[in-house]
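Chemist: So that we are looking at the same thing, I have put the structure below in structure tokens.
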Amino acid sequence: MTEIFSYTACRQLLQMFLAIFFFHSSEYVLAIAFHGRSNVTVRSLLVSKNYFLAMICSVLEYFLEVYFFPGLKEHWWVSNMGLVMVVIGEIIRKMAIITAGRAFTHLIKIYHEEHHDLVTHGVYGYFRHPGYCGFLIWSIGTQVMLCNPVSTFAFAIVVWSFFAKRIPYEEYFLRQFFGSDYNEYAHRVPSGVPFVK
Ligand SMILES: C[S@@+](CC[C@H](N)C(=O)[O-])C[C@H]1O[C@@H](n2cnc3c(N)ncnc32)[C@H](O)[C@@H]1O
């Protein structure tokens with residue numbers, strides 16, 4: 001039982017809590033900043049039922065392993081690498097939101113709005129989907145930080161599959177909105193999500 005209240009467990013769980021708190025609160029604040037309070041709902045906190053369940057499972061895995069295999073959590077270089085991934089993922093995602101501004105909507109636009117211009121500068125010059133690339137790194141990083149082998153693998157598969165389906169759907173509409181400009185952009189710039197063209 002003492003393992004659950006050890007320095008390692010307290011520090012890793014506190015880092016996890018701060019990572020989640022900062023990620024979601026900053027998503028909400030930025031959504032309000034770019035879209036106005038009246039256009040933003042609690043959905044902009046980006047906490048879905050499945051996501052919540054995944055996080056609960058990852059914390060359960062952590063408690064089981066810290067109790068039965070406490071040595072697993074003492075790989076500090078692994079945990080610190082996870083922390084670096086969390087920070088890098090967060091930076092890439094927030095750079096995407098700030099660069100795209102009003103074009104960055106949490107729900108995919110299926111109708112072209114007048115103010116919606118194609119963004120290809122800044123971080124969008126390196127990846128077509130920096131917001132998704134950042135989230136992928138961030139979410140896997142949270143599990144590497146906890147030294148959770150099962151959830152690291154599960155998060156990588158689930159989050160990657162989600163974006164592998166979402167990107168072609170999103171790009172179908174972007175091609176309709178921006179035509180050859182988007183085709184040329186997609187030809188030139190990688191998606192930012194591994195193995196997604
Ligand atoms: C959740 S945001 C994600 C944006 C992007 N996929 C990313 O990962 O940074 C989804 C919205 O961004 C818009 N969007 C995606 N790429 C864009 C671009 N290069 N320029 C303008 N709007 C874009 C889409 O139309 C969609 O409504």
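Just so we're on the same page: first chain in the structure tokens is A, next is B, and so on; residues restart at 1 for each chain, and ligands are numbered from 1 in the order they show up.
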Return as a ChimeraX atom specification the residues of protein, DNA or RNA that approach ligand 1 to within 6 Å, with only C-alpha atoms and all ligand atoms taken into account.
Modeler: /A:96,103-109,117-120,128-132,174
Chemist: Would you output that residue set with C-alpha atoms, as a PDB file, in the first residue's frame?
Modeler:
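Here's the written file out01.pdb:
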```
ATOM      1  CA  ALA A  96      -1.654  24.981 -34.466  1.00  0.00           C
ATOM      2  CA  ALA A 103     -10.219  28.286 -38.898  1.00  0.00           C
ATOM      3  CA  PHE A 104      -9.468  25.869 -36.041  1.00  0.00           C
ATOM      4  CA  THR A 105     -12.861  24.555 -34.993  1.00  0.00           C
ATOM      5  CA  HIS A 106     -13.311  21.504 -32.777  1.00  0.00           C
ATOM      6  CA  LEU A 107     -16.109  20.282 -35.065  1.00  0.00           C
ATOM      7  CA  ILE A 108     -15.099  19.703 -38.684  1.00  0.00           C
ATOM      8  CA  LYS A 109     -16.631  22.305 -40.991  1.00  0.00           C
ATOM      9  CA  ASP A 117      -9.116  30.851 -45.485  1.00  0.00           C
ATOM     10  CA  LEU A 118      -6.622  28.083 -46.164  1.00  0.00           C
ATOM     11  CA  VAL A 119      -3.815  28.227 -43.613  1.00  0.00           C
ATOM     12  CA  THR A 120      -0.421  27.080 -44.893  1.00  0.00           C
ATOM     13  CA  ARG A 128      -1.037  19.674 -42.549  1.00  0.00           C
ATOM     14  CA  HIS A 129      -2.483  18.491 -39.231  1.00  0.00           C
ATOM     15  CA  PRO A 130      -0.299  19.902 -36.457  1.00  0.00           C
ATOM     16  CA  GLY A 131      -3.244  19.906 -34.018  1.00  0.00           C
ATOM     17  CA  TYR A 132      -3.657  16.144 -34.458  1.00  0.00           C
ATOM     18  CA  LEU A 174     -11.003  21.086 -47.408  1.00  0.00           C
TER      19      LEU A 174
END
```
Chemist: When you look at A:Ser6 with a cut-off of 12 Å (counting only C-alpha atoms), what residues show up, excluding the ones that are within fewer than 5 positions of it in the same chain? I need them as a PyMOL selection string.
Modeler: chain A and resi 1+11-13+63+66-67+70-71+73-74
Chemist: Any chance you could export the current selection's N, CA and C atoms as a PDB file, in the first residue's frame?
Modeler:
```pdb
ATOM      1  N   MET A   1       0.826  -1.219   0.000  1.00  0.00           N
ATOM      2  CA  MET A   1       0.000   0.000   0.000  1.00  0.00           C
ATOM      3  C   MET A   1       0.864   1.275   0.000  1.00  0.00           C
ATOM      4  N   ARG A  11       4.488  11.983  -7.505  1.00  0.00           N
ATOM      5  CA  ARG A  11       5.013  12.904  -8.525  1.00  0.00           C
ATOM      6  C   ARG A  11       4.433  12.579  -9.908  1.00  0.00           C
ATOM      7  N   GLN A  12       4.406  11.285 -10.269  1.00  0.00           N
ATOM      8  CA  GLN A  12       3.916  10.931 -11.605  1.00  0.00           C
ATOM      9  C   GLN A  12       2.424  11.238 -11.750  1.00  0.00           C
ATOM     10  N   LEU A  13       1.649  10.968 -10.702  1.00  0.00           N
ATOM     11  CA  LEU A  13       0.207  11.246 -10.798  1.00  0.00           C
ATOM     12  C   LEU A  13      -0.077  12.750 -10.794  1.00  0.00           C
ATOM     13  N   PHE A  63      -2.325   2.238 -10.875  1.00  0.00           N
ATOM     14  CA  PHE A  63      -2.436   1.787  -9.478  1.00  0.00           C
ATOM     15  C   PHE A  63      -2.123   0.295  -9.353  1.00  0.00           C
ATOM     16  N   VAL A  66       1.689  -0.028  -9.821  1.00  0.00           N
ATOM     17  CA  VAL A  66       2.512   0.547  -8.749  1.00  0.00           C
ATOM     18  C   VAL A  66       2.406  -0.342  -7.499  1.00  0.00           C
ATOM     19  N   TYR A  67       1.289  -1.053  -7.375  1.00  0.00           N
ATOM     20  CA  TYR A  67       1.103  -1.937  -6.222  1.00  0.00           C
ATOM     21  C   TYR A  67       1.833  -3.274  -6.420  1.00  0.00           C
ATOM     22  N   PRO A  70       6.079  -2.283  -8.405  1.00  0.00           N
ATOM     23  CA  PRO A  70       6.517  -0.886  -8.180  1.00  0.00           C
ATOM     24  C   PRO A  70       7.790  -0.513  -8.938  1.00  0.00           C
ATOM     25  N   GLY A  71       8.646  -1.520  -9.196  1.00  0.00           N
ATOM     26  CA  GLY A  71       9.904  -1.236  -9.893  1.00  0.00           C
ATOM     27  C   GLY A  71       9.678  -0.692 -11.297  1.00  0.00           C
ATOM     28  N   LYS A  73       7.689   1.523 -12.264  1.00  0.00           N
ATOM     29  CA  LYS A  73       7.481   2.980 -12.272  1.00  0.00           C
ATOM     30  C   LYS A  73       8.758   3.759 -11.962  1.00  0.00           C
ATOM     31  N   GLU A  74       9.816   3.027 -11.637  1.00  0.00           N
ATOM     32  CA  GLU A  74      11.058   3.710 -11.239  1.00  0.00           C
ATOM     33  C   GLU A  74      11.990   3.975 -12.420  1.00  0.00           C
TER      34      GLU A  74
END
```
Chemist: Quick one: DSSP helix (DSSP H, G or I) residues in stretch 17-196 of chain A, as an MDAnalysis selection string?
Modeler: chainID A and resid 17:35 37:39 42:45 49:68 70:74 76:103 122:125 130:145 149:188
Chemist: Could you pull the residues within 8 Å of stretch 133-143 of chain A, counting only C-alpha atoms, minus those fewer than 5 positions along the same chain, as a ChimeraX atom specification?
Modeler: /A:16,19,58,81-93,148-149,151-152,155-156,159-160,192-193
Chemist: Which residue gives the smallest distance to A:Ile20 among A:Met55, A:Val150, A:Thr41, A:Arg188, with only C-alpha atoms counted?
Modeler: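 Distance minimum relative to A:Ile20 lands on A:Met55.
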Chemist: Go through A:Tyr51, A:Tyr185, A:Tyr172, A:Phe163 one by one, measure the shortest atom-to-atom distance of each to A:His121 using only C-alpha atoms, and give the residue with the smallest value.
Modeler: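 Closest residue, counting only C-alpha atoms: A:Tyr185.
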Chemist: Kindly indicate which residue among A:Ser180, A:Ala164, A:Val42, A:Gly36 lies nearest to A:Gly101, using only C-alpha atoms for the distances.
Modeler: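 Once distances to A:Gly101 are computed over only C-alpha atoms, the minimum belongs to A:Gly36.
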Chemist: For atom CA of A:Phe173 and atom CA of A:Ile110, determine how far apart the two atoms are, in Å to one decimal place.
Modeler: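 A separation of 5.9 Å between them.
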